[in-house]
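Data block for final_5.cif (mmCIF, C-alpha atoms):
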data_protein
loop_
_atom_site.label_atom_id
_atom_site.label_comp_id
_atom_site.auth_asym_id
_atom_site.auth_seq_id
_atom_site.Cartn_x
_atom_site.Cartn_y
_atom_site.Cartn_z
CA MET O 1 -39.10 -39.86 78.62
CA LYS O 2 -35.98 -38.53 76.97
CA SER O 3 -35.15 -40.52 73.89
CA SER O 4 -35.87 -39.62 70.30
CA ALA O 5 -38.30 -37.03 68.96
CA TYR O 6 -39.02 -39.34 66.00
CA LEU O 7 -39.76 -42.29 68.26
CA GLU O 8 -42.03 -40.24 70.51
CA ALA O 9 -43.89 -38.79 67.53
CA LEU O 10 -44.66 -42.27 66.20
CA ILE O 11 -45.62 -43.65 69.62
CA LYS O 12 -48.03 -40.72 70.06
CA LYS O 13 -49.63 -41.38 66.66
CA PHE O 14 -49.99 -45.12 67.26
CA SER O 15 -51.48 -44.55 70.73
CA LYS O 16 -54.48 -42.94 69.04
CA LEU O 17 -55.38 -46.15 67.14
CA PRO O 18 -58.22 -48.22 68.63
CA GLY O 19 -57.14 -50.77 71.22
CA ILE O 20 -53.56 -49.50 71.38
CA GLY O 21 -52.28 -47.83 74.54
CA PRO O 22 -48.93 -46.13 75.10
CA LYS O 23 -47.22 -49.44 76.03
CA SER O 24 -48.36 -51.32 72.91
CA ALA O 25 -47.55 -48.25 70.80
CA SER O 26 -44.02 -48.24 72.18
CA ARG O 27 -43.61 -51.98 71.47
CA ILE O 28 -44.85 -51.46 67.92
CA ALA O 29 -42.54 -48.47 67.37
CA PHE O 30 -39.53 -50.55 68.43
CA HIS O 31 -40.69 -53.36 66.19
CA ILE O 32 -40.84 -50.91 63.27
CA LEU O 33 -37.35 -49.72 64.16
CA GLY O 34 -36.20 -53.32 63.75
CA MET O 35 -37.93 -53.83 60.38
CA THR O 36 -36.03 -53.39 57.12
CA ARG O 37 -36.36 -50.15 55.18
CA GLU O 38 -38.38 -51.97 52.48
CA GLU O 39 -40.85 -53.41 55.00
CA VAL O 40 -41.45 -49.99 56.58
CA GLU O 41 -41.91 -48.40 53.16
CA GLY O 42 -44.33 -51.19 52.20
CA MET O 43 -46.42 -50.60 55.31
CA ALA O 44 -46.48 -46.83 54.83
CA ARG O 45 -47.44 -47.26 51.18
CA SER O 46 -50.18 -49.73 52.13
CA MET O 47 -51.76 -47.14 54.44
CA LEU O 48 -51.71 -44.44 51.77
CA GLU O 49 -53.07 -46.80 49.10
CA LEU O 50 -55.91 -47.85 51.38
CA LYS O 51 -56.90 -44.23 51.91
CA ALA O 52 -56.58 -43.35 48.21
CA ASN O 53 -58.31 -46.36 46.63
CA ILE O 54 -61.18 -47.43 48.81
CA PHE O 55 -64.68 -46.19 48.13
CA ALA O 56 -68.17 -47.06 49.32
CA CYS O 57 -69.92 -49.46 46.91
CA ARG O 58 -72.58 -47.56 44.95
CA LEU O 59 -75.08 -50.39 45.44
CA CYS O 60 -74.65 -51.66 49.01
CA GLY O 61 -72.46 -49.02 50.73
CA GLY O 62 -69.82 -51.64 51.60
CA ILE O 63 -66.09 -51.46 50.96
CA ALA O 64 -65.12 -51.40 47.28
CA ASP O 65 -61.90 -50.89 45.35
CA GLY O 66 -63.93 -49.46 42.48
CA GLU O 67 -67.52 -48.33 42.00
CA ILE O 68 -69.18 -51.70 42.76
CA CYS O 69 -67.92 -54.09 45.47
CA PRO O 70 -66.99 -57.72 44.64
CA ILE O 71 -70.01 -59.03 46.56
CA CYS O 72 -72.55 -57.02 44.52
CA GLN O 73 -70.68 -58.05 41.35
CA ASP O 74 -70.77 -61.77 42.19
CA PRO O 75 -73.40 -63.48 39.95
CA ALA O 76 -73.56 -66.46 42.34
CA ARG O 77 -75.09 -64.34 45.12
CA ASP O 78 -78.79 -64.61 45.97
CA ARG O 79 -80.12 -61.15 45.01
CA ALA O 80 -83.47 -61.80 46.71
CA LEU O 81 -81.85 -61.90 50.18
CA LEU O 82 -80.66 -58.60 51.70
CA CYS O 83 -78.69 -58.39 54.95
CA VAL O 84 -78.88 -54.93 56.57
CA VAL O 85 -75.86 -53.94 58.70
CA GLU O 86 -74.76 -50.84 60.60
CA ASP O 87 -71.40 -50.32 58.90
CA ALA O 88 -69.01 -51.76 56.31
CA LYS O 89 -66.98 -53.54 59.02
CA ASP O 90 -70.00 -55.74 59.75
CA VAL O 91 -70.07 -56.93 56.12
CA ILE O 92 -66.56 -58.31 56.56
CA THR O 93 -67.49 -59.92 59.90
CA ILE O 94 -70.48 -61.75 58.39
CA GLU O 95 -68.51 -62.64 55.23
CA GLY O 96 -65.92 -64.20 57.57
CA THR O 97 -68.42 -66.95 58.42
CA GLY O 98 -68.67 -67.94 54.74
CA GLU O 99 -72.33 -68.90 55.32
CA PHE O 100 -74.37 -65.97 54.02
CA ARG O 101 -74.96 -66.05 50.25
CA GLY O 102 -77.17 -62.97 49.78
CA LEU O 103 -76.28 -59.30 49.31
CA TYR O 104 -75.68 -56.60 51.92
CA HIS O 105 -77.01 -53.13 52.57
CA VAL O 106 -74.99 -50.80 54.84
CA ILE O 107 -77.09 -48.10 56.53
CA ASN O 108 -74.06 -46.25 57.99
CA GLY O 109 -75.20 -45.88 61.59
CA LEU O 110 -78.22 -46.35 63.84
CA ILE O 111 -81.15 -44.09 64.68
CA SER O 112 -80.15 -42.27 67.85
CA PRO O 113 -82.14 -39.13 68.73
CA LEU O 114 -79.77 -38.37 71.64
CA ASP O 115 -76.86 -38.08 69.19
CA GLY O 116 -79.02 -36.18 66.72
CA VAL O 117 -79.10 -39.07 64.21
CA GLY O 118 -82.49 -39.44 62.55
CA PRO O 119 -83.66 -41.88 59.84
CA ASP O 120 -82.88 -39.32 57.13
CA ASP O 121 -79.19 -39.27 58.13
CA LEU O 122 -78.91 -42.98 57.36
CA ASN O 123 -78.81 -44.97 54.12
CA ILE O 124 -82.37 -46.24 54.63
CA GLY O 125 -84.14 -44.59 51.64
CA PRO O 126 -82.19 -46.61 49.02
CA LEU O 127 -82.97 -49.79 51.02
CA VAL O 128 -86.71 -49.11 50.74
CA GLU O 129 -86.26 -48.41 47.02
CA LYS O 130 -84.54 -51.79 46.56
CA CYS O 131 -87.46 -53.52 48.34
CA ARG O 132 -89.99 -51.72 46.16
CA GLY O 133 -88.52 -53.51 43.14
CA ALA O 134 -89.96 -57.02 42.82
CA SER O 135 -86.66 -58.88 43.25
CA VAL O 136 -86.17 -58.75 47.06
CA ARG O 137 -87.78 -61.62 49.00
CA GLU O 138 -86.35 -61.19 52.50
CA VAL O 139 -84.56 -58.48 54.48
CA ILE O 140 -82.45 -59.78 57.40
CA LEU O 141 -81.74 -57.07 59.98
CA ALA O 142 -78.29 -57.74 61.49
CA LEU O 143 -78.02 -54.65 63.70
CA ASN O 144 -76.44 -54.72 67.16
CA PRO O 145 -78.80 -55.74 70.00
CA SER O 146 -78.87 -52.28 71.63
CA VAL O 147 -81.66 -49.72 72.20
CA GLU O 148 -80.57 -47.89 69.03
CA GLY O 149 -80.25 -51.13 67.06
CA ASP O 150 -83.72 -52.31 68.09
CA ALA O 151 -85.28 -48.92 67.33
CA THR O 152 -83.66 -48.87 63.89
CA SER O 153 -84.78 -52.46 63.17
CA LEU O 154 -88.34 -51.57 64.11
CA TYR O 155 -88.27 -48.45 61.92
CA ILE O 156 -87.03 -50.39 58.88
CA ALA O 157 -89.52 -53.23 59.47
CA ARG O 158 -92.42 -50.74 59.44
CA LEU O 159 -91.29 -49.34 56.09
CA VAL O 160 -90.44 -52.60 54.38
CA ASN O 161 -93.17 -54.98 55.64
CA PRO O 162 -96.02 -53.24 53.75
CA LEU O 163 -94.09 -53.80 50.50
CA GLY O 164 -94.68 -57.53 50.81
CA VAL O 165 -91.06 -58.29 51.78
CA THR O 166 -90.39 -60.62 54.72
CA VAL O 167 -88.38 -58.85 57.43
CA THR O 168 -86.40 -60.91 59.95
CA ARG O 169 -83.75 -60.06 62.52
CA ILE O 170 -80.79 -62.17 63.62
CA ALA O 171 -81.31 -64.16 66.84
CA HIS O 172 -80.33 -62.67 70.18
CA GLY O 173 -79.48 -65.12 72.93
CA LEU O 174 -76.64 -66.94 74.64
CA PRO O 175 -73.45 -66.98 72.55
CA VAL O 176 -72.13 -70.43 71.64
CA GLY O 177 -69.83 -71.72 74.38
CA ALA O 178 -71.22 -69.31 77.01
CA ASP O 179 -72.29 -70.36 80.49
CA LEU O 180 -75.82 -69.54 81.68
CA GLU O 181 -74.39 -68.81 85.12
CA PHE O 182 -72.36 -65.84 83.85
CA ALA O 183 -74.80 -64.46 81.28
CA ASP O 184 -76.38 -61.05 81.94
CA THR O 185 -80.12 -60.74 82.68
CA ALA O 186 -80.94 -58.97 79.40
CA THR O 187 -79.36 -61.78 77.35
CA ILE O 188 -81.17 -64.47 79.35
CA ILE O 189 -84.52 -62.68 78.86
CA LYS O 190 -83.82 -62.40 75.10
CA SER O 191 -82.86 -66.08 74.92
CA ILE O 192 -86.13 -67.15 76.63
CA GLU O 193 -88.23 -64.83 74.46
CA GLY O 194 -86.52 -66.19 71.36
CA ARG O 195 -86.84 -69.88 72.33
CA VAL O 196 -87.09 -72.28 69.43
CA LYS O 197 -89.07 -75.54 69.16
CA ILE O 198 -86.85 -78.60 68.84
CA MET Z 1 -63.14 -62.51 53.10
CA LYS Z 2 -64.08 -60.77 49.90
CA SER Z 3 -63.74 -57.04 50.28
CA SER Z 4 -60.86 -54.90 49.13
CA ALA Z 5 -57.37 -55.99 48.17
CA TYR Z 6 -55.98 -52.77 49.69
CA LEU Z 7 -57.79 -53.39 52.96
CA GLU Z 8 -56.64 -56.97 53.16
CA ALA Z 9 -53.04 -56.00 52.37
CA LEU Z 10 -52.97 -53.51 55.24
CA ILE Z 11 -54.69 -55.90 57.67
CA LYS Z 12 -52.09 -58.54 56.82
CA LYS Z 13 -49.22 -56.11 57.43
CA PHE Z 14 -50.65 -54.86 60.74
CA SER Z 15 -51.29 -58.43 61.95
CA LYS Z 16 -47.53 -58.95 61.96
CA LEU Z 17 -46.94 -56.20 64.54
CA PRO Z 18 -46.40 -57.40 68.13
CA GLY Z 19 -49.59 -57.80 70.17
CA ILE Z 20 -51.89 -57.26 67.19
CA GLY Z 21 -54.01 -60.13 65.88
CA PRO Z 22 -56.23 -60.21 62.79
CA LYS Z 23 -59.22 -58.70 64.66
CA SER Z 24 -57.29 -55.72 66.05
CA ALA Z 25 -55.59 -55.25 62.68
CA SER Z 26 -58.98 -55.08 61.00
CA ARG Z 27 -60.25 -52.54 63.56
CA ILE Z 28 -57.14 -50.42 63.01
CA ALA Z 29 -57.46 -50.62 59.22
CA PHE Z 30 -61.06 -49.37 59.43
CA HIS Z 31 -59.93 -46.62 61.78
CA ILE Z 32 -57.29 -45.57 59.24
CA LEU Z 33 -59.96 -45.59 56.55
CA GLY Z 34 -61.89 -43.07 58.65
CA MET Z 35 -58.87 -40.79 59.23
CA THR Z 36 -58.29 -37.71 57.06
CA ARG Z 37 -55.79 -37.89 54.22
CA GLU Z 38 -53.41 -35.59 56.16
CA GLU Z 39 -53.52 -37.79 59.27
CA VAL Z 40 -52.72 -40.93 57.27
CA GLU Z 41 -49.89 -39.16 55.46
CA GLY Z 42 -48.56 -37.91 58.81
CA MET Z 43 -48.53 -41.43 60.23
CA ALA Z 44 -46.85 -42.92 57.16
CA ARG Z 45 -44.22 -40.14 57.19
CA SER Z 46 -43.62 -40.67 60.89
CA MET Z 47 -42.82 -44.34 60.28
CA LEU Z 48 -40.38 -43.54 57.49
CA GLU Z 49 -38.71 -40.74 59.49
CA LEU Z 50 -38.25 -43.07 62.44
CA LYS Z 51 -36.52 -45.62 60.27
CA ALA Z 52 -34.34 -43.01 58.52
CA ASN Z 53 -33.27 -40.91 61.49
CA ILE Z 54 -32.73 -43.15 64.48
CA PHE Z 55 -29.30 -44.49 65.32
CA ALA Z 56 -27.72 -46.28 68.27
CA CYS Z 57 -25.94 -43.85 70.61
CA ARG Z 58 -22.16 -44.20 70.15
CA LEU Z 59 -21.62 -44.16 73.92
CA CYS Z 60 -24.44 -46.20 75.48
CA GLY Z 61 -26.08 -48.02 72.55
CA GLY Z 62 -29.47 -46.45 73.34
CA ILE Z 63 -31.78 -44.64 70.94
CA ALA Z 64 -30.37 -41.41 69.51
CA ASP Z 65 -31.50 -38.95 66.85
CA GLY Z 66 -27.83 -38.13 66.22
CA GLU Z 67 -24.50 -39.64 67.24
CA ILE Z 68 -24.92 -39.23 71.02
CA CYS Z 69 -28.26 -39.71 72.82
CA PRO Z 70 -29.80 -36.94 74.98
CA ILE Z 71 -29.14 -38.94 78.17
CA CYS Z 72 -25.39 -39.25 77.54
CA GLN Z 73 -25.31 -35.55 76.59
CA ASP Z 74 -27.08 -34.42 79.77
CA PRO Z 75 -24.48 -32.80 82.13
CA ALA Z 76 -26.80 -33.30 85.13
CA ARG Z 77 -26.49 -37.10 84.93
CA ASP Z 78 -24.35 -39.02 87.44
CA ARG Z 79 -21.59 -40.44 85.23
CA ALA Z 80 -20.32 -42.73 88.01
CA LEU Z 81 -23.54 -44.79 87.95
CA LEU Z 82 -24.08 -47.18 85.02
CA CYS Z 83 -27.31 -49.10 84.45
CA VAL Z 84 -26.85 -52.15 82.18
CA VAL Z 85 -29.93 -53.17 80.16
CA GLU Z 86 -30.71 -55.76 77.49
CA ASP Z 87 -32.03 -53.43 74.81
CA ALA Z 88 -32.83 -49.80 74.03
CA LYS Z 89 -36.50 -50.30 74.92
CA ASP Z 90 -35.49 -50.93 78.54
CA VAL Z 91 -33.80 -47.51 78.69
CA ILE Z 92 -37.14 -45.88 77.91
CA THR Z 93 -38.94 -48.07 80.46
CA ILE Z 94 -36.54 -47.10 83.26
CA GLU Z 95 -36.50 -43.44 82.15
CA GLY Z 96 -40.29 -43.55 82.43
CA THR Z 97 -39.95 -43.83 86.23
CA GLY Z 98 -38.01 -40.55 86.34
CA GLU Z 99 -36.01 -41.90 89.30
CA PHE Z 100 -32.70 -43.06 87.82
CA ARG Z 101 -30.14 -40.27 87.40
CA GLY Z 102 -27.14 -42.21 86.08
CA LEU Z 103 -26.19 -43.29 82.55
CA TYR Z 104 -27.14 -46.46 80.66
CA HIS Z 105 -25.28 -49.16 78.80
CA VAL Z 106 -27.22 -51.34 76.31
CA ILE Z 107 -25.68 -54.78 75.73
CA ASN Z 108 -28.09 -55.70 72.88
CA GLY Z 109 -29.16 -59.14 74.04
CA LEU Z 110 -28.41 -61.82 76.62
CA ILE Z 111 -25.92 -64.67 76.66
CA SER Z 112 -27.81 -67.70 75.36
CA PRO Z 113 -25.71 -70.67 74.18
CA LEU Z 114 -28.85 -72.45 72.89
CA ASP Z 115 -29.50 -69.57 70.47
CA GLY Z 116 -25.80 -69.34 69.63
CA VAL Z 117 -25.34 -66.00 71.40
CA GLY Z 118 -22.03 -65.78 73.27
CA PRO Z 119 -20.51 -62.87 75.25
CA ASP Z 120 -18.59 -61.69 72.17
CA ASP Z 121 -21.84 -61.13 70.27
CA LEU Z 122 -22.95 -58.61 72.89
CA ASN Z 123 -21.89 -55.05 73.67
CA ILE Z 124 -20.02 -56.15 76.82
CA GLY Z 125 -16.42 -55.27 75.83
CA PRO Z 126 -17.07 -51.50 75.75
CA LEU Z 127 -18.80 -51.81 79.14
CA VAL Z 128 -15.65 -53.30 80.68
CA GLU Z 129 -13.59 -50.52 79.03
CA LYS Z 130 -15.83 -47.89 80.65
CA CYS Z 131 -15.35 -49.55 84.05
CA ARG Z 132 -11.57 -49.63 83.58
CA GLY Z 133 -11.58 -45.81 83.49
CA ALA Z 134 -11.59 -44.38 87.02
CA SER Z 135 -14.95 -42.63 86.72
CA VAL Z 136 -17.45 -45.49 87.19
CA ARG Z 137 -18.41 -46.22 90.82
CA GLU Z 138 -21.31 -48.66 90.46
CA VAL Z 139 -22.78 -50.88 87.75
CA ILE Z 140 -26.47 -51.75 88.22
CA LEU Z 141 -27.50 -54.84 86.24
CA ALA Z 142 -31.15 -54.42 85.16
CA LEU Z 143 -31.50 -57.58 83.06
CA ASN Z 144 -34.66 -59.68 82.98
CA PRO Z 145 -34.93 -62.33 85.76
CA SER Z 146 -34.54 -65.31 83.41
CA VAL Z 147 -31.91 -68.05 83.09
CA GLU Z 148 -30.20 -66.05 80.31
CA GLY Z 149 -30.49 -62.78 82.26
CA ASP Z 150 -28.98 -64.33 85.40
CA ALA Z 151 -26.14 -65.96 83.42
CA THR Z 152 -25.34 -62.66 81.68
CA SER Z 153 -25.43 -60.77 85.00
CA LEU Z 154 -23.03 -63.27 86.54
CA TYR Z 155 -20.69 -63.04 83.54
CA ILE Z 156 -20.56 -59.24 83.69
CA ALA Z 157 -20.10 -59.23 87.47
CA ARG Z 158 -17.07 -61.52 87.15
CA LEU Z 159 -15.44 -59.15 84.63
CA VAL Z 160 -16.27 -55.88 86.36
CA ASN Z 161 -15.88 -56.72 90.06
CA PRO Z 162 -12.05 -57.15 89.87
CA LEU Z 163 -11.81 -53.59 88.49
CA GLY Z 164 -12.92 -52.22 91.87
CA VAL Z 165 -16.38 -51.29 90.66
CA THR Z 166 -19.41 -52.21 92.78
CA VAL Z 167 -21.80 -54.46 90.85
CA THR Z 168 -25.45 -54.70 91.93
CA ARG Z 169 -28.54 -56.15 90.34
CA ILE Z 170 -32.15 -54.89 90.58
CA ALA Z 171 -34.32 -56.66 93.17
CA HIS Z 172 -36.41 -59.67 92.15
CA GLY Z 173 -39.52 -60.35 94.20
CA LEU Z 174 -43.23 -59.70 94.44
CA PRO Z 175 -44.37 -56.82 92.24
CA VAL Z 176 -46.09 -53.95 94.04
CA GLY Z 177 -49.82 -54.61 94.38
CA ALA Z 178 -49.44 -58.37 93.79
CA ASP Z 179 -51.07 -61.01 95.96
CA LEU Z 180 -48.85 -63.68 97.56
CA GLU Z 181 -51.63 -66.21 96.88
CA PHE Z 182 -51.28 -65.85 93.11
CA ALA Z 183 -47.51 -65.45 92.85
CA ASP Z 184 -45.51 -68.22 91.17
CA THR Z 185 -43.10 -70.36 93.19
CA ALA Z 186 -39.95 -68.97 91.55
CA THR Z 187 -40.95 -65.39 92.44
CA ILE Z 188 -41.74 -66.34 96.04
CA ILE Z 189 -38.37 -68.08 96.40
CA LYS Z 190 -36.61 -65.00 94.96
CA SER Z 191 -38.54 -62.71 97.31
CA ILE Z 192 -37.54 -64.78 100.37
CA GLU Z 193 -33.91 -64.98 99.24
CA GLY Z 194 -33.84 -61.25 98.70
CA ARG Z 195 -35.52 -60.32 101.99
CA VAL Z 196 -34.53 -56.96 103.44
CA LYS Z 197 -34.11 -55.94 107.10
CA ILE Z 198 -36.66 -53.36 108.24
#

Taking this structure as input, can you express it in the form of structure tokens?
Amino acid sequence: MKSSAYLEALIKKFSKLPGIGPKSASRIAFHILGMTREEVEGMARSMLELKANIFACRLCGGIADGEICPICQDPARDRALLCVVEDAKDVITIEGTGEFRGLYHVINGLISPLDGVGPDDLNIGPLVEKCRGASVREVILALNPSVEGDATSLYIARLVNPLGVTVTRIAHGLPVGADLEFADTATIIKSIEGRVKI
Amino acid sequence: MKSSAYLEALIKKFSKLPGIGPKSASRIAFHILGMTREEVEGMARSMLELKANIFACRLCGGIADGEICPICQDPARDRALLCVVEDAKDVITIEGTGEFRGLYHVINGLISPLDGVGPDDLNIGPLVEKCRGASVREVILALNPSVEGDATSLYIARLVNPLGVTVTRIAHGLPVGADLEFADTATIIKSIEGRVKI
């Protein structure tokens, strides 16, 4: 490809973003070429501002513009209900439903001995501390249904249950709109195990 | 979604890029959050440099870092062979094959009366001028196989043919690796019309 060094530099950088291959990167680069100078400057500034101004919330580990995130600051939230997630992205996913009214706790990963990640590498200690205080009633484990997710859920449950806090985990089963015919065996087994009385 | 104003601003900006929806934009924003400060600055700079330093080549209308693009400057190129494309992106696509050894001519759009685009709005005049000079032997029309593309091809052929220049257009038919069973009717008709003796 013989074109412009600037264009190729940008395409190369965009190709490294998740879900973007060389073809999408090239489309995006041409789109940027067609944007006004102000729009490009706005986008570049937005990226730098994001990097400079976002911190992990001191209480839950989620995304915050300051020291405490807006969710932990919200007085309308149910402080007795704690949803445990793997990373800050998951907070936004669950918030997207608009249904959950408790607080979050981000543990920043999953226990994975093969990758050398043990319980002490995760944000689990502060979670146990929170549960030791009298205010927490229920901990909902919303970790991914994988071997690592299940192991981490089990580990947390063993620590938190003795403190008199109810520990639950989100349901695993057929996704809404799915077809039993095309579901994988593991999901079907989970959906039978987790059957609910109607 | 209650998280960070900076995060939401960037997600909104990225969602406007071609082929990127809100979910991909959110994934990319989190990826950027995980990049080092230097990497983010490099990407932002790259975008601004692209916008500031790229011009249309004075000869072919393609992408150039200076006044003339590297393709038009290359002495090894066959100057008698001219490939006409809709926009500068198409130059890069064809260059990606590494097969074409002639020069390009970008007409910057297609004739489309419904959108108010007539022949005078396109870079067709300079193309005819080039063909009037003795040096051009063949013009290859590589426009998209659409109603507008076909109309534009026909228009150019009518202007250039009388100048003693051979006008061809790229073949339309079944893409390599495609299955006849799943091809659309228009493509099958084109592939039968364009059949080749073997």

Exercise. Do you know which residues are at most 9 Å from Val160 (chain Z) counting only C-alpha atoms, after dropping those on the same chain fewer than 3 positions away, and could you put them as a ChimeraX atom specification?
Worked result: /Z:127-128,131-132,139,155-157,163-167

Those selected residues, please, written with C-alpha atoms and delivered as a JSON list (two decimals), keeping the file's coordinate frame.
[["chain", "number", "residue", "atom", "x", "y", "z"],
["Z", 127, "LEU", "CA", -18.80, -51.81, 79.14],
["Z", 128, "VAL", "CA", -15.65, -53.30, 80.68],
["Z", 131, "CYS", "CA", -15.35, -49.55, 84.05],
["Z", 132, "ARG", "CA", -11.57, -49.63, 83.58],
["Z", 139, "VAL", "CA", -22.78, -50.88, 87.75],
["Z", 155, "TYR", "CA", -20.69, -63.04, 83.54],
["Z", 156, "ILE", "CA", -20.56, -59.24, 83.69],
["Z", 157, "ALA", "CA", -20.10, -59.23, 87.47],
["Z", 163, "LEU", "CA", -11.81, -53.59, 88.49],
["Z", 164, "GLY", "CA", -12.92, -52.22, 91.87],
["Z", 165, "VAL", "CA", -16.38, -51.29, 90.66],
["Z", 166, "THR", "CA", -19.41, -52.21, 92.78],
["Z", 167, "VAL", "CA", -21.80, -54.46, 90.85]]

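Note that CA of Asn144 (chain O) and CA of Ile107 (chain O) are 12.5 Å apart.
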
Which chain Z residues have any atom within 9 Å of an atom of chain O, and for each, what is the nearest pair of atoms with distance in Å to one decimal, counting all atoms listed in the file, rows sorted by chain and number, as a Markdown table?
| residue | atom | partner | partner_atom | distance |
| --- | --- | --- | --- | --- |
| Z:Met1 | CA | O:Gly96 | CA | 5.5 |
| Z:Lys2 | CA | O:Pro70 | CA | 6.7 |
| Z:Ser3 | CA | O:Ile63 | CA | 6.1 |
| Z:Ser4 | CA | O:Asp65 | CA | 5.6 |
| Z:Ala5 | CA | O:Asp65 | CA | 7.4 |
| Z:Tyr6 | CA | O:Leu50 | CA | 5.2 |
| Z:Leu7 | CA | O:Leu50 | CA | 6.1 |
| Z:Ala9 | CA | O:Ser46 | CA | 6.9 |
| Z:Leu10 | CA | O:Ser46 | CA | 5.6 |
| Z:Lys13 | CA | O:Met43 | CA | 6.5 |
| Z:Phe14 | CA | O:Met43 | CA | 8.1 |
| Z:Leu17 | CA | O:Ile28 | CA | 6.2 |
| Z:Pro18 | CA | O:Ile28 | CA | 6.1 |
| Z:Gly19 | CA | O:Ser24 | CA | 7.1 |
| Z:Ile20 | CA | O:Ser24 | CA | 9.0 |
| Z:Ser24 | CA | O:Gly19 | CA | 7.2 |
| Z:Ser26 | CA | O:Lys89 | CA | 8.4 |
| Z:Arg27 | CA | O:Pro18 | CA | 7.0 |
| Z:Ile28 | CA | O:Pro18 | CA | 6.1 |
| Z:Ala29 | CA | O:Met47 | CA | 8.2 |
| Z:Phe30 | CA | O:Lys89 | CA | 7.3 |
| Z:His31 | CA | O:Leu17 | CA | 7.0 |
| Z:Ile32 | CA | O:Lys51 | CA | 7.5 |
| Z:Leu33 | CA | O:Lys51 | CA | 5.7 |
| Z:Gly34 | CA | O:Lys51 | CA | 8.5 |
| Z:Met35 | CA | O:Lys51 | CA | 8.3 |
| Z:Thr36 | CA | O:Lys51 | CA | 8.4 |
| Z:Arg37 | CA | O:Lys51 | CA | 6.8 |
| Z:Val40 | CA | O:Leu48 | CA | 6.6 |
| Z:Glu41 | CA | O:Leu48 | CA | 6.7 |
| Z:Gly42 | CA | O:Lys13 | CA | 8.6 |
| Z:Met43 | CA | O:Lys13 | CA | 6.5 |
| Z:Ala44 | CA | O:Ala44 | CA | 4.6 |
| Z:Arg45 | CA | O:Ala44 | CA | 7.4 |
| Z:Ser46 | CA | O:Leu10 | CA | 5.6 |
| Z:Met47 | CA | O:Leu10 | CA | 6.5 |
| Z:Leu48 | CA | O:Val40 | CA | 6.6 |
| Z:Glu49 | CA | O:Tyr6 | CA | 6.7 |
| Z:Leu50 | CA | O:Tyr6 | CA | 5.2 |
| Z:Lys51 | CA | O:Leu33 | CA | 5.7 |
| Z:Ala52 | CA | O:Arg37 | CA | 8.1 |
| Z:Asn53 | CA | O:Tyr6 | CA | 7.5 |
| Z:Ile54 | CA | O:Ser4 | CA | 7.5 |
| Z:Gly62 | CA | O:Ser3 | CA | 8.2 |
| Z:Ile63 | CA | O:Ser3 | CA | 6.1 |
| Z:Ala64 | CA | O:Ser4 | CA | 5.8 |
| Z:Asp65 | CA | O:Ser4 | CA | 5.6 |
| Z:Cys69 | CA | O:Ser3 | CA | 7.0 |
| Z:Pro70 | CA | O:Ser3 | CA | 6.5 |
| Z:Ile71 | CA | O:Lys2 | CA | 7.0 |
| Z:Ala88 | CA | O:Phe30 | CA | 8.8 |
| Z:Lys89 | CA | O:Phe30 | CA | 7.2 |
| Z:Val91 | CA | O:Ser3 | CA | 8.6 |
| Z:Ile92 | CA | O:Met1 | CA | 6.4 |
| Z:Thr93 | CA | O:Met1 | CA | 8.4 |
| Z:Ile94 | CA | O:Met1 | CA | 9.0 |
| Z:Glu95 | CA | O:Met1 | CA | 5.7 |
| Z:Gly96 | CA | O:Met1 | CA | 5.4 |
| Z:Thr97 | CA | O:Met1 | CA | 8.6 |
| Z:Gly98 | CA | O:Met1 | CA | 7.8 |

Quick one: what's the axis-aligned box for region 118-129 of chain O, all listed atoms, 3 Å on every side, centre and edges in Å to one decimal, as AutoDock Vina command-line options?
--center_x -82.8 --center_y -44.5 --center_z 54.8 --size_x 13.9 --size_y 16.5 --size_z 21.5

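Residues within 9 Å of Asp90 (chain Z), counting only C-alpha atoms and excluding same-chain residues fewer than 6 positions away, are Val106, Ala142 and Leu143 of chain Z.
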
Exercise. CA of Asp150 (chain O) and CA of Ala171 (chain O) are how many Å apart?
Worked result: 12.2 Å

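Here CA of Asn123 (chain Z) is placed at a distance of 8.5 Å from CA of His105 (chain Z).
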
Exercise. Given the file above and the PyMOL selection byres ((chain Z and resi 135) around 10), which residues are selected, and can you give them as an MDAnalysis selection string?
Worked result: chainID Z and resid 79:81 130:134 136:138 165
